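Colleague: Dropping in coords_12.txt, which is compact mmCIF, C-alpha atoms:
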```txt
# COMPACT_ATOMS: atom_id res chain seq x y z
CA MET A 1 113.13 150.34 113.83
CA ASN A 2 116.03 149.56 116.14
CA VAL A 3 115.66 146.98 118.91
CA ASN A 4 117.60 147.37 122.15
CA HIS A 5 117.59 144.47 124.64
CA SER A 6 118.98 146.45 127.54
CA ASN A 7 115.65 147.56 129.00
CA ASN A 8 112.39 145.68 129.51
CA LYS A 9 109.74 148.26 128.75
CA ILE A 10 107.21 148.67 125.97
CA THR A 11 106.22 152.29 125.36
CA GLU A 12 103.54 153.63 123.04
CA THR A 13 104.82 156.25 120.58
CA ALA A 14 103.20 158.45 118.00
CA CYS A 15 102.98 156.71 114.65
CA LYS A 16 103.78 158.45 111.39
CA ILE A 17 102.67 157.35 107.96
CA THR A 18 105.74 155.64 106.51
CA ASP A 19 106.56 152.46 104.61
CA GLU A 20 106.93 150.67 107.93
CA ILE A 21 104.00 149.05 109.74
CA CYS A 22 103.39 151.00 112.92
CA LEU A 23 104.22 149.10 116.11
CA PRO A 24 104.99 150.29 119.65
CA ASP A 25 108.65 151.05 120.27
CA SER A 26 110.18 148.40 122.49
CA ASP A 27 113.52 147.46 123.99
CA LEU A 28 112.40 143.83 124.11
CA PRO A 29 113.36 141.18 121.54
CA ARG A 30 110.76 141.20 118.77
CA ILE A 31 109.34 137.84 117.64
CA VAL A 32 107.31 138.05 114.44
CA ILE A 33 104.91 135.16 113.72
CA ILE A 34 103.47 134.77 110.24
CA GLY A 35 100.22 132.81 110.38
CA GLY A 36 97.57 132.47 113.07
CA GLY A 37 96.62 128.82 112.71
CA PHE A 38 97.05 126.13 115.35
CA ALA A 39 100.85 126.47 115.40
CA GLY A 40 100.95 130.26 115.42
CA LEU A 41 98.36 130.62 118.18
CA ALA A 42 99.99 127.93 120.33
CA LEU A 43 103.23 129.94 120.10
CA VAL A 44 101.41 133.18 120.99
CA GLU A 45 99.91 131.52 124.06
CA LYS A 46 103.37 130.45 125.26
CA LEU A 47 104.86 133.91 124.75
CA LYS A 48 102.07 136.01 126.25
CA HIS A 49 103.10 138.09 129.29
CA GLN A 50 106.78 137.20 128.67
CA GLU A 51 109.66 139.66 128.28
CA VAL A 52 109.35 139.73 124.47
CA GLN A 53 107.35 141.72 121.95
CA VAL A 54 105.21 139.41 119.81
CA VAL A 55 103.84 140.52 116.44
CA LEU A 56 101.27 138.24 114.77
CA LEU A 57 100.74 138.79 111.03
CA ASP A 58 97.94 137.16 109.04
CA LYS A 59 95.98 138.04 105.91
CA ASN A 60 92.78 137.13 107.78
CA ASN A 61 91.70 138.75 111.03
CA PHE A 62 90.49 135.44 112.45
CA HIS A 63 91.54 131.93 113.37
CA GLN A 64 89.52 129.14 111.76
CA PHE A 65 88.95 125.67 113.17
CA GLN A 66 89.71 123.68 110.04
CA PRO A 67 88.62 120.20 111.25
CA LEU A 68 84.97 121.34 111.10
CA LEU A 69 85.04 123.05 107.70
CA TYR A 70 83.10 120.14 106.24
CA GLN A 71 80.21 120.82 108.64
CA VAL A 72 79.94 124.39 107.39
CA ALA A 73 80.04 123.07 103.81
CA THR A 74 77.13 120.68 104.47
CA SER A 75 74.92 123.24 106.26
CA ALA A 76 75.39 121.78 109.75
CA LEU A 77 77.17 124.84 111.19
CA GLU A 78 77.29 128.55 110.51
CA PRO A 79 80.77 129.91 109.64
CA ASP A 80 80.95 132.13 112.73
CA SER A 81 80.76 128.98 114.87
CA ILE A 82 84.26 127.91 113.88
CA VAL A 83 86.08 131.22 113.42
CA PHE A 84 87.43 133.43 116.19
CA PRO A 85 88.85 136.98 115.88
CA PHE A 86 92.56 137.29 116.63
CA ARG A 87 92.04 140.54 118.49
CA LYS A 88 89.58 138.85 120.84
CA GLN A 89 92.02 135.99 121.29
CA ILE A 90 94.89 138.28 122.32
CA ASN A 91 92.78 140.73 124.33
CA GLY A 92 94.69 141.39 127.55
CA TYR A 93 98.05 140.20 126.17
CA LYS A 94 99.95 143.47 126.57
CA ASN A 95 103.04 142.22 124.75
CA VAL A 96 101.18 140.76 121.72
CA PHE A 97 100.17 142.83 118.68
CA PHE A 98 98.16 141.74 115.64
CA ARG A 99 98.50 143.33 112.21
CA LEU A 100 96.33 142.45 109.22
CA ALA A 101 98.79 142.08 106.36
CA GLU A 102 99.95 139.62 103.73
CA VAL A 103 103.67 138.87 103.87
CA GLU A 104 105.24 138.99 100.42
CA GLU A 105 108.98 138.59 101.02
CA ILE A 106 111.52 137.79 103.71
CA GLN A 107 114.75 139.80 103.58
CA ALA A 108 116.87 137.75 105.95
CA ASP A 109 120.03 139.85 105.48
CA SER A 110 118.35 142.85 107.10
CA ASN A 111 115.98 140.93 109.43
CA THR A 112 113.03 142.50 107.65
CA ILE A 113 109.84 141.20 106.08
CA MET A 114 107.92 143.03 103.36
CA THR A 115 104.12 142.95 103.38
CA ASN A 116 101.37 144.47 101.25
CA LYS A 117 100.95 147.06 104.04
CA GLY A 118 104.59 147.91 104.74
CA SER A 119 107.72 146.44 106.30
CA VAL A 120 108.34 144.90 109.72
CA SER A 121 111.71 144.25 111.34
CA TYR A 122 112.33 141.27 113.59
CA ASP A 123 114.83 139.69 115.92
CA TYR A 124 113.29 136.24 115.50
CA LEU A 125 110.96 135.18 112.70
CA VAL A 126 108.56 132.22 112.85
CA LEU A 127 106.88 130.85 109.73
CA ALA A 128 103.54 129.20 110.54
CA THR A 129 102.03 129.76 107.11
CA GLY A 130 100.40 126.36 106.65
CA THR A 131 99.33 124.74 103.41
CA THR A 132 97.09 125.25 100.43
CA THR A 133 95.25 122.82 98.15
CA ASN A 134 97.50 120.81 95.85
CA PHE A 135 95.94 119.88 92.50
CA PHE A 136 99.22 118.30 91.33
CA GLY A 137 99.41 120.44 88.21
CA MET A 138 95.97 119.48 86.85
CA ASP A 139 94.76 122.90 85.70
CA SER A 140 91.35 121.71 84.52
CA VAL A 141 90.65 120.12 87.90
CA ALA A 142 91.83 123.24 89.73
CA LYS A 143 89.64 125.45 87.57
CA ASN A 144 86.42 123.43 87.88
CA SER A 145 86.55 121.90 91.38
CA LEU A 146 86.65 123.24 94.93
CA GLY A 147 89.21 122.59 97.64
CA MET A 148 88.35 122.70 101.34
CA LYS A 149 91.14 124.57 103.09
CA ASP A 150 89.41 127.63 104.52
CA ILE A 151 86.03 129.04 105.51
CA ARG A 152 85.51 130.61 102.08
CA ASP A 153 85.93 127.22 100.44
CA SER A 154 83.33 125.76 102.78
CA LEU A 155 80.82 128.47 101.94
CA ASN A 156 81.51 128.03 98.24
CA ILE A 157 80.84 124.30 98.55
CA ARG A 158 77.60 124.98 100.46
CA HIS A 159 76.31 127.45 97.87
CA MET A 160 77.39 125.24 94.96
CA MET A 161 75.61 122.23 96.45
CA LEU A 162 72.36 124.06 97.24
CA GLN A 163 72.26 125.91 93.91
CA ASN A 164 72.77 122.68 91.99
CA LEU A 165 70.08 120.88 93.97
CA GLU A 166 67.68 123.74 93.24
CA GLN A 167 68.57 123.66 89.54
CA ALA A 168 67.99 119.90 89.49
CA ALA A 169 64.40 120.56 90.57
CA ILE A 170 64.00 122.99 87.68
CA THR A 171 65.50 121.09 84.78
CA CYS A 172 63.62 118.52 82.73
CA ASP A 173 66.82 117.11 81.26
CA ASP A 174 67.61 113.77 82.94
CA ASP A 175 71.36 113.90 82.20
CA GLU A 176 71.65 117.42 83.57
CA ARG A 177 69.71 116.43 86.69
CA ASP A 178 72.07 113.49 87.25
CA ALA A 179 75.12 115.72 86.90
CA LEU A 180 73.67 118.32 89.26
CA THR A 181 72.92 115.76 91.97
CA ASN A 182 76.11 113.69 91.74
CA PHE A 183 78.92 114.57 94.15
CA VAL A 184 82.53 113.43 93.78
CA ILE A 185 84.99 113.75 96.66
CA VAL A 186 88.63 113.10 95.81
CA GLY A 187 90.88 111.94 98.65
CA GLY A 188 90.30 109.24 101.25
CA GLY A 189 91.92 110.98 104.20
CA PRO A 190 90.00 112.34 107.22
CA ALA A 191 88.69 115.41 105.34
CA GLY A 192 87.38 113.35 102.43
CA VAL A 193 85.89 110.64 104.61
CA GLU A 194 84.13 113.11 106.90
CA MET A 195 82.81 115.11 103.96
CA ALA A 196 81.47 111.97 102.28
CA GLY A 197 79.72 110.86 105.47
CA ALA A 198 78.14 114.29 106.03
CA LEU A 199 76.89 114.46 102.43
CA ALA A 200 75.46 110.95 102.71
CA GLU A 201 73.48 111.93 105.80
CA PHE A 202 72.25 115.07 104.01
CA CYS A 203 71.06 112.85 101.17
CA LYS A 204 69.36 110.40 103.53
CA TYR A 205 67.64 112.77 105.96
CA ILE A 206 67.34 116.21 104.32
CA LEU A 207 66.87 115.59 100.61
CA PRO A 208 63.54 113.68 100.86
CA LYS A 209 61.97 116.50 102.90
CA ASP A 210 63.36 119.46 100.97
CA TYR A 211 63.19 118.09 97.44
CA PRO A 212 60.13 115.87 96.96
CA GLU A 213 60.35 116.74 93.22
CA TYR A 214 62.80 113.90 92.70
CA PRO A 215 63.76 110.73 94.64
CA SER A 216 66.69 111.00 97.04
CA SER A 217 68.23 107.99 95.30
CA ILE A 218 69.12 110.34 92.47
CA MET A 219 71.88 111.88 94.59
CA ASN A 220 75.02 109.77 94.24
CA ILE A 221 78.13 110.33 96.33
CA TYR A 222 81.49 109.04 95.11
CA LEU A 223 84.69 108.93 97.15
CA ILE A 224 87.79 108.40 95.02
CA GLU A 225 91.10 107.33 96.59
CA ALA A 226 94.30 106.67 94.61
CA ILE A 227 95.60 103.89 96.91
CA ASP A 228 93.99 100.70 98.18
CA ASP A 229 92.66 101.89 101.56
CA LEU A 230 91.05 104.83 103.32
CA LEU A 231 92.65 106.77 106.19
CA SER A 232 96.08 105.46 105.23
CA THR A 233 97.75 107.05 108.27
CA MET A 234 95.50 105.12 110.64
CA SER A 235 95.25 101.42 111.46
CA ASP A 236 93.87 98.70 109.18
CA LYS A 237 90.92 98.35 111.55
CA ALA A 238 90.09 102.04 111.22
CA SER A 239 90.37 101.81 107.44
CA SER A 240 88.13 98.74 107.08
CA LYS A 241 85.53 100.08 109.54
CA THR A 242 85.42 103.41 107.72
CA LEU A 243 84.85 101.65 104.41
CA LYS A 244 81.96 99.67 105.90
CA TYR A 245 80.38 102.77 107.46
CA LEU A 246 80.53 104.66 104.15
CA GLU A 247 79.13 101.76 102.16
CA ASP A 248 76.28 101.44 104.68
CA LEU A 249 75.51 105.09 103.90
CA ASN A 250 75.45 104.23 100.16
CA VAL A 251 78.67 106.09 99.38
CA LYS A 252 80.32 104.63 96.29
CA VAL A 253 83.97 104.20 97.30
CA LEU A 254 86.45 103.80 94.44
CA LEU A 255 89.86 102.60 95.65
CA ASN A 256 93.00 102.44 93.49
CA GLU A 257 91.50 105.13 91.28
CA ALA A 258 93.00 108.52 90.46
CA VAL A 259 91.33 111.48 88.79
CA SER A 260 93.03 112.53 85.57
CA ASN A 261 90.66 115.24 84.36
CA TYR A 262 87.54 117.20 85.24
CA ASP A 263 85.86 119.67 82.89
CA GLY A 264 83.12 120.83 85.24
CA ASN A 265 80.64 118.25 83.99
CA GLU A 266 82.46 114.92 83.76
CA VAL A 267 85.13 113.31 85.93
CA THR A 268 87.66 111.06 84.19
CA THR A 269 89.93 108.62 86.02
CA LYS A 270 93.24 107.20 84.92
CA SER A 271 91.63 103.78 84.38
CA GLY A 272 89.16 105.33 81.93
CA LYS A 273 86.07 105.54 84.12
CA THR A 274 83.81 108.55 83.73
CA ILE A 275 81.35 110.05 86.21
CA LEU A 276 78.80 112.70 85.30
CA ALA A 277 78.98 115.34 88.06
CA LYS A 278 78.82 119.10 88.46
CA ASN A 279 80.12 118.88 92.04
CA LEU A 280 83.75 117.91 92.68
CA ILE A 281 85.37 118.52 96.08
CA TRP A 282 89.14 118.06 96.22
CA THR A 283 90.71 116.88 99.48
CA ALA A 284 93.46 114.76 97.93
CA GLY A 285 96.53 116.77 98.77
CA VAL A 286 98.11 119.91 100.17
CA LYS A 287 101.35 121.79 99.62
CA GLY A 288 103.19 124.29 101.74
CA GLN A 289 102.88 128.03 101.16
CA PHE A 290 105.31 130.67 102.30
CA PRO A 291 106.64 134.07 101.18
CA LYS A 292 109.59 134.66 98.88
CA GLY A 293 113.00 134.73 100.50
CA ILE A 294 113.51 131.07 101.47
CA ASP A 295 116.26 129.39 99.44
CA LYS A 296 114.80 126.59 97.30
CA LYS A 297 117.54 124.22 98.45
CA HIS A 298 115.84 124.21 101.87
CA VAL A 299 112.46 123.23 100.39
CA VAL A 300 111.54 119.53 100.25
CA LYS A 301 108.67 117.42 98.92
CA GLY A 302 105.24 118.93 99.44
CA ASN A 303 106.78 122.42 99.27
CA ARG A 304 107.68 122.18 102.96
CA ILE A 305 110.63 123.96 104.56
CA LYS A 306 113.33 121.65 105.86
CA THR A 307 114.31 122.20 109.47
CA GLY A 308 116.43 120.43 112.04
CA SER A 309 115.21 119.12 115.39
CA PHE A 310 115.24 122.67 116.79
CA LEU A 311 112.73 123.81 114.10
CA MET A 312 115.24 126.31 112.73
CA VAL A 313 115.24 126.81 108.97
CA GLU A 314 118.44 125.44 107.48
CA GLY A 315 120.97 128.16 106.76
CA SER A 316 119.42 130.56 109.27
CA LYS A 317 120.15 131.55 112.85
CA ASN A 318 116.90 133.31 113.72
CA ILE A 319 114.20 131.99 111.35
CA PHE A 320 112.01 129.07 112.45
CA ALA A 321 109.22 127.06 110.81
CA ILE A 322 106.39 125.27 112.64
CA GLY A 323 103.20 123.43 111.78
CA ASP A 324 102.29 122.03 108.38
CA ILE A 325 104.98 124.07 106.63
CA ALA A 326 107.82 122.52 108.65
CA ALA A 327 109.50 119.28 107.60
CA VAL A 328 111.63 118.00 110.49
CA ILE A 329 113.76 115.52 108.58
CA SER A 330 115.57 112.89 110.66
CA LYS A 331 116.12 109.14 110.80
CA LYS A 332 112.91 108.78 112.82
CA THR A 333 110.96 111.09 110.53
CA PRO A 334 112.43 110.85 107.01
CA LYS A 335 109.27 112.46 105.58
CA GLY A 336 108.73 114.92 108.42
CA HIS A 337 105.99 114.86 111.04
CA PRO A 338 102.32 114.37 110.10
CA GLN A 339 100.55 117.54 108.96
CA VAL A 340 97.87 117.53 111.65
CA ALA A 341 96.72 119.96 114.34
CA GLN A 342 98.44 118.06 117.17
CA THR A 343 101.84 118.42 115.51
CA ALA A 344 101.29 122.14 114.98
CA ILE A 345 100.17 122.75 118.56
CA GLN A 346 103.06 120.78 120.06
CA GLN A 347 105.60 122.60 117.88
CA GLY A 348 104.12 126.00 118.75
CA LYS A 349 104.31 125.29 122.50
CA TRP A 350 107.83 123.83 122.25
CA LEU A 351 109.15 126.77 120.22
CA GLY A 352 107.70 129.25 122.72
CA ASN A 353 109.69 127.69 125.54
CA SER A 354 112.78 127.33 123.35
CA LEU A 355 112.82 130.95 122.16
CA LEU A 356 112.72 132.16 125.76
CA LYS A 357 115.75 129.96 126.48
CA ILE A 358 117.60 131.12 123.36
CA ILE A 359 117.07 134.76 124.34
CA LYS A 360 118.63 133.96 127.74
CA ASN A 361 121.55 132.22 125.96
CA GLU A 362 120.39 128.83 127.23
CA SER A 363 120.31 125.67 125.11
CA PRO A 364 116.87 124.17 124.36
CA LYS A 365 116.23 120.46 123.99
CA PRO A 366 115.38 119.04 120.54
CA PHE A 367 111.70 118.87 119.60
CA GLU A 368 110.08 115.47 120.07
CA TYR A 369 106.60 114.79 118.73
CA LYS A 370 104.27 112.76 120.94
CA ASP A 371 101.56 111.03 118.94
CA LYS A 372 98.34 111.29 120.97
CA GLY A 373 96.34 109.26 118.48
CA SER A 374 94.01 109.86 115.56
CA LEU A 375 90.25 110.24 115.23
CA ALA A 376 87.87 110.43 112.28
CA THR A 377 84.09 110.48 112.12
CA VAL A 378 81.81 109.04 109.46
CA GLY A 379 78.43 110.58 110.22
CA LYS A 380 76.46 110.50 113.43
CA ARG A 381 77.35 107.86 116.03
CA LYS A 382 80.05 106.40 113.77
CA ALA A 383 83.75 107.12 114.13
CA VAL A 384 87.13 105.42 114.35
CA ALA A 385 89.89 105.99 116.88
CA ASP A 386 93.54 104.94 117.13
CA LEU A 387 94.88 105.77 120.58
CA GLY A 388 98.22 104.06 120.95
CA LYS A 389 97.60 100.33 121.13
CA MET A 390 93.85 100.86 121.53
CA LYS A 391 91.90 100.69 118.28
CA PHE A 392 88.15 101.02 118.43
CA ALA A 393 85.19 102.21 116.39
CA GLY A 394 81.52 103.05 116.71
CA TYR A 395 79.55 105.14 119.18
CA PHE A 396 82.27 105.57 121.84
CA ALA A 397 84.80 106.68 119.20
CA TRP A 398 82.24 109.20 117.90
CA LEU A 399 81.60 110.50 121.42
CA LEU A 400 85.33 110.90 122.00
CA TRP A 401 85.72 112.66 118.64
CA SER A 402 82.90 115.07 119.56
CA ILE A 403 84.37 115.92 122.98
CA VAL A 404 87.91 116.44 121.67
CA HIS A 405 86.77 118.72 118.85
CA LEU A 406 84.34 120.69 120.99
CA MET A 407 87.00 121.38 123.62
CA SER A 408 89.50 122.44 120.95
CA ILE A 409 87.34 125.21 119.49
CA SER A 410 88.35 128.73 120.49
CA GLY A 411 85.93 130.76 122.57
CA PHE A 412 83.12 129.83 124.96
CA ARG A 413 80.46 131.23 122.62
CA ASN A 414 81.72 129.12 119.72
CA LYS A 415 81.78 126.00 121.91
CA LEU A 416 78.21 126.74 122.96
CA MET A 417 77.01 127.31 119.39
CA VAL A 418 78.61 124.15 118.04
CA GLY A 419 77.44 122.07 121.01
CA PHE A 420 73.87 123.33 120.62
CA ASN A 421 73.84 122.62 116.87
CA TRP A 422 75.21 119.13 117.47
CA ALA A 423 72.58 118.44 120.15
CA VAL A 424 69.76 119.50 117.82
CA SER A 425 71.20 117.46 114.98
CA TYR A 426 71.63 114.43 117.23
CA PHE A 427 67.91 114.21 117.92
CA THR A 428 66.47 115.58 114.68
CA TYR A 429 69.11 115.20 111.91
CA GLU A 430 68.22 118.80 111.11
CA LYS A 431 70.67 121.02 109.18
CA SER A 432 69.06 124.41 109.53
CA ASN A 433 71.63 126.50 107.67
CA ARG A 434 70.48 125.62 104.16
CA LEU A 435 70.57 129.21 102.93
CA ILE A 436 71.87 130.52 99.60
CA ILE A 437 73.15 133.92 100.73
CA ARG A 438 74.89 134.75 97.47
CA ASN A 439 75.05 133.34 93.98
CA PHE A 440 78.13 131.15 93.60
CA LYS A 441 79.98 131.24 90.29
CA PRO A 442 83.22 129.25 90.04
CA THR A 443 86.29 131.26 89.04
CA SER A 444 89.97 130.40 88.97
CA SER A 445 90.60 132.69 91.94
CA GLN A 446 88.07 130.76 94.03
CA THR A 447 89.18 127.29 93.11
CA LYS A 448 92.95 127.46 93.01
CA GLU A 449 95.31 128.13 95.85
CA SER A 450 93.23 129.45 98.73
CA GLY A 451 95.35 128.94 101.84
CA GLN A 452 95.19 131.65 104.46
CA TYR A 453 98.50 131.46 106.33
CA GLU A 454 97.08 128.90 108.77
CA SER A 455 98.80 125.85 110.19
```
Starting from the coordinates I provided, produce the structure as structure tokens.
Modeller:
Amino acid sequence: MNVNHSNNKITETACKITDEICLPDSDLPRIVIIGGGFAGLALVEKLKHQEVQVVLLDKNNFHQFQPLLYQVATSALEPDSIVFPFRKQINGYKNVFFRLAEVEEIQADSNTIMTNKGSVSYDYLVLATGTTTNFFGMDSVAKNSLGMKDIRDSLNIRHMMLQNLEQAAITCDDDERDALTNFVIVGGGPAGVEMAGALAEFCKYILPKDYPEYPSSIMNIYLIEAIDDLLSTMSDKASSKTLKYLEDLNVKVLLNEAVSNYDGNEVTTKSGKTILAKNLIWTAGVKGQFPKGIDKKHVVKGNRIKTGSFLMVEGSKNIFAIGDIAAVISKKTPKGHPQVAQTAIQQGKWLGNSLLKIIKNESPKPFEYKDKGSLATVGKRKAVADLGKMKFAGYFAWLLWSIVHLMSISGFRNKLMVGFNWAVSYFTYEKSNRLIIRNFKPTSSQTKESGQYES
């Protein structure tokens, strides 16, 4: 499809069945965005109603609010509370088009991308493909554990947990019961800490009521971290407070320990420790994911794409990378910016403004990340916050965490659903979504790379 910049009209045309994905003919510059996570949607919001044609490609038809995946996994929220359809998001954006497709290859020489549904041409291409779980080459761990990168992972964790607790009530074998009721979380970052806290509260408040067949003390929760502190990207105060909160909830925190093997029944660490457990949740690392067509010399540690301060992929003039996949390497950021939602949102907004300037042959300013602080929660009424020079913990930090996350969720209905569930849980500790909808059986396709082009 040819693109002519001389006119500023988008006209609907009859679509024929070809090897090209059908899109309205347009004389406007076409910007193709791969990935509808925080970065991709922030870019869409900046480009809506502008004199460009925007095409959003994703292999899901929904955006997912990843910071609350752990609450779906622990039965606190239903999955539809934290997902939002792309088509509802872009409803009324006459210059934005969504296509459900998985991008397989970028052909930069012809400004074309190949998908499993056909090809799409572009004038400007933006990679916002996010990350997937990184098991660091440990195949046995990847095969037998679960990551927590998308809504499917969360539901798998929920079903695994509930099925194992039910089986523990059935078995008369003490060792099997111990393995079924022991939970190991690997990774002491925000995802691991929040998951450990939520599981500990499930053990404390739900287990005694639902499973009187065995004492709640039988459920042991282990949090394994390879370095000597939790929440390493936050302050020492946040780290020490988090450790205290988890220990108060009877979480067994193992610092300076690294998992070396997991066979589905026993966890082995590099120091030789073993833990009997049929539940292992991996939050210890991520790696970038993107289609073929990017030269490996532009890929850096963590499988991220190296860009300059204008978020342009090295060696390209019209391909950009934003969000978790982008590594903006400079003297200030030798390892790139942190892979968090705030970075992705800021980069998406900045690139939207910059692309409009580039199209008008104007020069954009370099991207500058503004750190607005970090938050992490450890169960109800307990959280830590680093906001510039202010470091605090406890109830106010938890309240701030709740407000920030509630306001960040897409859609009024979703905000209402999450707020209502939180209000009920606040007064009752109830987790009403303890339903086994389908029988969960671990397979390599469920436990290995499961990213969904989100950043």
Colleague: Would you mind listing, for every residue of range 323-395 of chain A within 9 Å of range 279-296 of chain A, the two atoms forming the shortest contact and the distance between them in Å to one decimal, using all atoms listed in the file, sorted by chain and ascending residue number, as a tab-separated table?
Modeller:
```
residue	atom	partner	partner_atom	distance
A:Asp324	CA	A:Gly288	CA	7.1
A:Ile325	CA	A:Gly288	CA	5.2
A:Ala326	CA	A:Gly288	CA	8.5
```
Colleague: I need the residues from that last selection saved to file as a JSON list (two decimals), in the coordinates of the input (with C-alpha atoms), if you can.
Modeller:
```
[["chain", "number", "residue", "atom", "x", "y", "z"],
["A", 324, "ASP", "CA", 102.29, 122.03, 108.38],
["A", 325, "ILE", "CA", 104.98, 124.07, 106.63],
["A", 326, "ALA", "CA", 107.82, 122.52, 108.65]]
```
Colleague: Grab the CA of Leu243 in chain A to CA of Ser154 in chain A distance for me, in Å with one decimal place.
Modeller: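 So the answer is 24.2 Å.
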Colleague: Find the residues near Ile329 in chain A: any atom within 9 Å, counting only C-alpha atoms, skip ones fewer than 4 places away on the same chain, and give them as a ChimeraX atom specification.
Modeller: /A:306-309,333-337
Colleague: Rounded to one decimal place, report the CA of Leu387 in chain A-CA of Tyr245 in chain A distance in Å.
Modeller: 19.8 Å
Colleague: Neighbouring residues of Asp228 in chain A were defined as those with any atom within 9 Å, considering only C-alpha atoms; residues of the same chain fewer than 4 positions away were excluded. Please report them as a list in words.
Modeller: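 The residues that qualify are Ser232, Leu254, Leu255, Asn256 and Glu257 of chain A.
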Colleague: Within 12 Å of Lys370 in chain A, counting only C-alpha atoms, which residues qualify if same-chain residues fewer than 2 places away don't, as a list of chain:residue names?
Modeller: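 Within the cut-off, the hits are A:His337, A:Pro338, A:Gln342, A:Thr343, A:Ala344, A:Ile345, A:Gln346, A:Gln347, A:Trp350, A:Phe367, A:Glu368, A:Lys372, A:Gly373, A:Ser374, A:Leu387, A:Gly388.
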Colleague: Based on the selection just made, write C-alpha atoms of those residues as an mmCIF file, in the frame of the given file.
Modeller:
```cif
data_model
loop_
_atom_site.group_PDB
_atom_site.id
_atom_site.type_symbol
_atom_site.label_atom_id
_atom_site.label_comp_id
_atom_site.auth_asym_id
_atom_site.auth_seq_id
_atom_site.Cartn_x
_atom_site.Cartn_y
_atom_site.Cartn_z
ATOM 1 C CA HIS A 337 105.990 114.860 111.040
ATOM 2 C CA PRO A 338 102.320 114.370 110.100
ATOM 3 C CA GLN A 342 98.440 118.060 117.170
ATOM 4 C CA THR A 343 101.840 118.420 115.510
ATOM 5 C CA ALA A 344 101.290 122.140 114.980
ATOM 6 C CA ILE A 345 100.170 122.750 118.560
ATOM 7 C CA GLN A 346 103.060 120.780 120.060
ATOM 8 C CA GLN A 347 105.600 122.600 117.880
ATOM 9 C CA TRP A 350 107.830 123.830 122.250
ATOM 10 C CA PHE A 367 111.700 118.870 119.600
ATOM 11 C CA GLU A 368 110.080 115.470 120.070
ATOM 12 C CA LYS A 372 98.340 111.290 120.970
ATOM 13 C CA GLY A 373 96.340 109.260 118.480
ATOM 14 C CA SER A 374 94.010 109.860 115.560
ATOM 15 C CA LEU A 387 94.880 105.770 120.580
ATOM 16 C CA GLY A 388 98.220 104.060 120.950
#
```
Colleague: Excluding same-chain residues fewer than 2 positions from Gly264 in chain A, what lies within 10 Å of it counting only C-alpha atoms, as a list in words?
Modeller: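 Skipping anything fewer than 2 positions along the chain leaves Ser140, Val141, Lys143, Asn144, Ser145, Ala179, Asn261, Tyr262, Glu266, Val267, Leu276, Ala277, Lys278, Asn279, Leu280 and Pro442 of chain A.
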Colleague: Could you build a table of the residues in range 213-285 of chain A lying no more than 12 Å from range 192-197 of chain A, giving for each the nearest pair of atoms and their separation in Å rounded to one decimal place, using only C-alpha atoms, ordered by chain and ascending residue number, as a Markdown table?
Modeller:
```
| residue | atom | partner | partner_atom | distance |
| --- | --- | --- | --- | --- |
| A:Asn220 | CA | A:Ala196 | CA | 10.5 |
| A:Ile221 | CA | A:Ala196 | CA | 7.0 |
| A:Tyr222 | CA | A:Ala196 | CA | 7.7 |
| A:Leu223 | CA | A:Ala196 | CA | 6.8 |
| A:Ile224 | CA | A:Gly192 | CA | 8.9 |
| A:Glu225 | CA | A:Gly192 | CA | 9.2 |
| A:Asp229 | CA | A:Val193 | CA | 11.5 |
| A:Leu230 | CA | A:Val193 | CA | 7.9 |
| A:Leu231 | CA | A:Val193 | CA | 7.9 |
| A:Ser232 | CA | A:Val193 | CA | 11.4 |
| A:Ala238 | CA | A:Val193 | CA | 11.6 |
| A:Ser239 | CA | A:Val193 | CA | 10.3 |
| A:Lys241 | CA | A:Val193 | CA | 11.7 |
| A:Thr242 | CA | A:Val193 | CA | 7.9 |
| A:Leu243 | CA | A:Val193 | CA | 9.1 |
| A:Lys244 | CA | A:Gly197 | CA | 11.4 |
| A:Tyr245 | CA | A:Gly197 | CA | 8.4 |
| A:Leu246 | CA | A:Gly197 | CA | 6.4 |
| A:Glu247 | CA | A:Gly197 | CA | 9.7 |
| A:Asp248 | CA | A:Gly197 | CA | 10.1 |
| A:Leu249 | CA | A:Gly197 | CA | 7.3 |
| A:Asn250 | CA | A:Gly197 | CA | 9.5 |
| A:Val251 | CA | A:Ala196 | CA | 7.1 |
| A:Lys252 | CA | A:Ala196 | CA | 9.5 |
| A:Val253 | CA | A:Ala196 | CA | 9.6 |
| A:Leu280 | CA | A:Gly192 | CA | 11.4 |
| A:Ile281 | CA | A:Gly192 | CA | 8.4 |
| A:Trp282 | CA | A:Gly192 | CA | 8.0 |
| A:Thr283 | CA | A:Gly192 | CA | 5.7 |
| A:Ala284 | CA | A:Gly192 | CA | 7.7 |
| A:Gly285 | CA | A:Gly192 | CA | 10.4 |
```
Colleague: Do you know which residues are at most 12 Å from Asn91 in chain A counting only C-alpha atoms, after dropping those on the same chain fewer than 5 positions away, and could you put them as a list in words?
Modeller: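 Answer for this query is Val44, Glu45, Lys48, His49, Pro85, Phe86, Val96, Phe97 and Phe98 of chain A.
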Colleague: Can you work out the spacing between CA of Lys59 in chain A and CA of Ile157 in chain A in Å, to one decimal?
Modeller: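 Separating CA of Lys59 in chain A from CA of Ile157 in chain A is a distance of 21.7 Å.
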Colleague: Smallest atom-to-atom distance to Val418 in chain A: which of A:Asp153, A:Glu78, A:Glu20, A:Asp178, using all atoms listed in the file?
Modeller: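 Comparing A:Asp153, A:Glu78, A:Glu20, A:Asp178 against Val418 in chain A, the winner is A:Glu78.
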Colleague: As AutoDock Vina command-line options, what would the box around range 56-61 of chain A look like: edges along x, y and z, 4 Å added on every side, centre and edge lengths in Å to one decimal?
Modeller:
```
--center_x 96.5 --center_y 138.0 --center_z 110.3 --size_x 17.6 --size_y 9.7 --size_z 16.9
```
